[in-house]
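Undergrad: Structure in structure tokens, see below.
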Amino acid sequence: YRATADIPLIVQGEVIGFVALYGRGPRHFPQMEAIVGLTQIAAQAMANAKLYRQLDENARRLGLLTESALELTATLDLEDVLTRLAWRLCRSVDVAGCEIHVIEDDDLVSVMSLTDGVVDQDKIGSRLPLDQTSVTRDVMRTKCPTTVASLDDPRVSDYVRELARGNGSGPEVKDECWVTLPLRAGDEVGGIVELIETRGPRAFTADEIETAAA
């Protein structure tokens with residue numbers, strides 16, 4: 001192209017993008033004022049669409065939180081509460097499994113393991129040394145969620161890899177990829193939640209992580 005015109009898309013003083021016009025030969029672009037006016041209409045339409053998506057996501061998240069609160073307070077049985085919580089978390093981000101662990105001394109202790117809607121009683125009560133869980137230690141330190149794309153992540157210890165492949169002496173851990181979230185009481189992290197995808201690689205979006213964390 002031998003002629004171009006770049007017009008910024010501006011909303012409330014901020015540039016959110018550009019429109020590029022091209023000509024195959026040397027030329028001027030007439031009626032530039034009209035073109036600029038049309039691009040600003042497009043910019044506002046894009047901003048409105050983004051706002052509507054955010055409002056829709058917030059409404060969905062609020063509905064999920066309300067449903068979860070009502071369901072989790074409907075019983076005083078701890079295992080039932082944990083089962084419902086794990087099921088809700090799996091549903092919120094569409095993953096196959098959920099592991100809930102609490103920190104006891106120098107170990108992570110499993111208090112709930114749910115895969116494809118079924119509780120794995122054999123995993124509940126199993127212990128994993130904290131010094132073998134770099135990802136968990138990062139979450140405890142930062143108090144923020146983190147994602148692991150695969151077992152090739154350098155933060156995953158050889159010990160955890162062996163468990164994941166079923167070659168260790170401890171409980172088998174299935175984890176194609178997962179997100180680890182802190183369980184916080186005030187400023188203290190007392191445990192973690194792992195949302196595990198075993199059906200293939202995937203990327204967790206910021207909205208999914210925020211929904212699960214809420």
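For the structure tokens, the naming scheme is as follows: chains receive sequential letters (A, B, ...) according to their order of presentation, residues are indexed from 1 within each chain, and ligands are indexed from 1 in presentation order.
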Identify, on the basis of only C-alpha atoms, every residue whose closest approach to stretch 102-104 of chain A does not exceed 8 Å; exclude the query and any residue fewer than 4 positions from it along the same chain; express the result as an MDAnalysis selection string.
TA: chainID A and resid 108:111 190:192
Undergrad: Those selected residues, please, written with all heavy atoms and delivered as a short mmCIF file (atom, residue, chain, number, x, y, z; two decimals), in the first residue's frame.
TA:
```
data_model
loop_
_atom_site.label_atom_id
_atom_site.label_comp_id
_atom_site.auth_asym_id
_atom_site.auth_seq_id
_atom_site.Cartn_x
_atom_site.Cartn_y
_atom_site.Cartn_z
N LEU A 108 0.27 -30.36 53.54
CA LEU A 108 -1.04 -30.07 52.99
C LEU A 108 -1.89 -31.31 53.20
O LEU A 108 -1.51 -32.41 52.81
CB LEU A 108 -0.95 -29.79 51.49
CG LEU A 108 -0.59 -28.38 51.02
CD1 LEU A 108 -0.57 -28.34 49.50
CD2 LEU A 108 -1.58 -27.36 51.54
N VAL A 109 -3.05 -31.13 53.82
CA VAL A 109 -3.93 -32.26 54.10
C VAL A 109 -5.20 -32.11 53.27
O VAL A 109 -5.87 -31.07 53.32
CB VAL A 109 -4.29 -32.34 55.60
CG1 VAL A 109 -5.20 -33.53 55.86
CG2 VAL A 109 -3.03 -32.42 56.44
N SER A 110 -5.53 -33.14 52.51
CA SER A 110 -6.71 -33.10 51.66
C SER A 110 -7.98 -33.27 52.51
O SER A 110 -8.09 -34.21 53.29
CB SER A 110 -6.65 -34.22 50.61
OG SER A 110 -7.85 -34.27 49.87
N VAL A 111 -8.91 -32.34 52.32
CA VAL A 111 -10.20 -32.45 53.02
C VAL A 111 -11.35 -32.68 52.04
O VAL A 111 -12.46 -33.00 52.45
CB VAL A 111 -10.48 -31.20 53.88
CG1 VAL A 111 -9.49 -31.10 55.03
CG2 VAL A 111 -10.48 -29.93 53.05
N GLY A 190 -4.90 -20.37 55.16
CA GLY A 190 -5.01 -21.61 55.92
C GLY A 190 -5.13 -22.85 55.07
O GLY A 190 -5.17 -23.97 55.58
N GLY A 191 -5.16 -22.65 53.75
CA GLY A 191 -5.28 -23.79 52.85
C GLY A 191 -5.34 -23.32 51.41
O GLY A 191 -5.15 -22.14 51.11
N ILE A 192 -5.59 -24.25 50.51
CA ILE A 192 -5.68 -23.92 49.09
C ILE A 192 -6.81 -24.70 48.44
O ILE A 192 -7.27 -25.72 48.95
CB ILE A 192 -4.36 -24.23 48.35
CG1 ILE A 192 -4.05 -25.73 48.44
CG2 ILE A 192 -3.21 -23.37 48.86
CD1 ILE A 192 -3.03 -26.20 47.43
#
```
Undergrad: Give me every alpha helix (DSSP H) residue in stretch 81-210 of chain A, going by DSSP on the backbone, as a PyMOL selection string.
TA: chain A and resi 81-93+134-142+158-164+206-210
Undergrad: Which residues come within 7 Å of A:Leu21, counting only C-alpha atoms, excluding same-chain residues fewer than 5 positions away, as a list of chain:residue names?
TA: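 Once the nearby chain positions are removed, what remains is A:Thr4, A:Ala5, A:Asp6.
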Undergrad: Only N, CA and C atoms, please: the residues just picked out, written as a compact mmCIF listing (two decimals), in the first residue's frame.
TA:
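Output file out-v6.txt is given in full below:
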```txt
# COMPACT_ATOMS: atom_id res chain seq x y z
N THR A 4 -1.73 5.57 3.45
CA THR A 4 -2.41 5.09 4.66
C THR A 4 -2.92 6.27 5.46
N ALA A 5 -3.94 5.99 6.26
CA ALA A 5 -4.45 6.97 7.23
C ALA A 5 -4.79 6.21 8.50
N ASP A 6 -4.21 6.61 9.60
CA ASP A 6 -4.47 5.98 10.89
C ASP A 6 -5.27 6.93 11.76
```
Undergrad: As a PyMOL selection string, which residues of chain A does DSSP assign to strand (DSSP E or B)?
TA: chain A and resi 3-11+14-23+97-104+107-115+118-119+127-129+133+146-148+156+177-185+188-197
Undergrad: List as number ranges by chain the protein and nucleic acid residues near stretch 193-205 of chain A, meaning an atom at most 7 Å away when only C-alpha atoms are counted, but skip any in the same chain fewer than 2 places from it.
TA: A: 90, 95-101, 174-183, 207-209
Undergrad: A:Gln40: which residues within 9 Å, counting only C-alpha atoms, same-chain residues fewer than 5 positions away excluded, as a PyMOL selection string?
TA: chain A and resi 8-11+35+45
Undergrad: Give me the residues within 7 Å of stretch 79-88 of chain A as a ChimeraX atom specification, counting only C-alpha atoms and dropping any in the same chain fewer than 2 places off.
TA: /A:72,75,77,90-92,98,112,114,117
Undergrad: Store the residues of this selection in a file with C-alpha atoms, as an mmCIF file, in the first residue's frame.
TA:
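Final output, saved to selection-v7.cif:
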```cif
data_model
loop_
_atom_site.group_PDB
_atom_site.id
_atom_site.type_symbol
_atom_site.label_atom_id
_atom_site.label_comp_id
_atom_site.auth_asym_id
_atom_site.auth_seq_id
_atom_site.Cartn_x
_atom_site.Cartn_y
_atom_site.Cartn_z
ATOM 1 C CA LEU A 72 -23.645 -23.789 51.485
ATOM 2 C CA THR A 75 -26.393 -27.729 55.894
ATOM 3 C CA ASP A 77 -22.435 -31.157 57.839
ATOM 4 C CA CYS A 90 -15.940 -26.984 39.246
ATOM 5 C CA ARG A 91 -19.089 -25.654 37.673
ATOM 6 C CA SER A 92 -18.017 -22.008 37.914
ATOM 7 C CA CYS A 98 -11.448 -29.813 42.587
ATOM 8 C CA MET A 112 -12.091 -32.788 49.727
ATOM 9 C CA LEU A 114 -14.033 -34.247 43.656
ATOM 10 C CA GLY A 117 -18.876 -34.941 40.370
#
```
Undergrad: So what do you get for atom CA of A:Gly37 versus atom CA of A:Ile7, distance-wise?
TA: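 Atom CA of A:Ile7 lies at a distance of 10.1 Å from atom CA of A:Gly37.
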Undergrad: Contacts of A:Tyr159 at 7 Å or less, counting only C-alpha atoms, minus same-chain residues fewer than 3 places along, as a list of chain:residue names?
TA: A:Gln132, A:Glu162, A:Leu163
Undergrad: Please write the residues from the selection above to a file, keeping N, CA, C and O atoms, as a PDB file, in the first residue's frame.
TA:
```pdb
ATOM      1  N   GLN A 132       7.529 -29.815  49.189  1.00  0.00           N
ATOM      2  CA  GLN A 132       7.489 -30.367  47.842  1.00  0.00           C
ATOM      3  C   GLN A 132       6.487 -29.639  46.947  1.00  0.00           C
ATOM      4  O   GLN A 132       6.246 -30.064  45.819  1.00  0.00           O
ATOM      5  N   GLU A 162       5.861 -37.424  40.078  1.00  0.00           N
ATOM      6  CA  GLU A 162       5.734 -38.875  40.266  1.00  0.00           C
ATOM      7  C   GLU A 162       4.330 -39.237  40.737  1.00  0.00           C
ATOM      8  O   GLU A 162       3.736 -40.223  40.289  1.00  0.00           O
ATOM      9  N   LEU A 163       3.797 -38.432  41.646  1.00  0.00           N
ATOM     10  CA  LEU A 163       2.427 -38.686  42.099  1.00  0.00           C
ATOM     11  C   LEU A 163       1.437 -38.543  40.953  1.00  0.00           C
ATOM     12  O   LEU A 163       0.501 -39.337  40.811  1.00  0.00           O
TER      13      LEU A 163
END
```
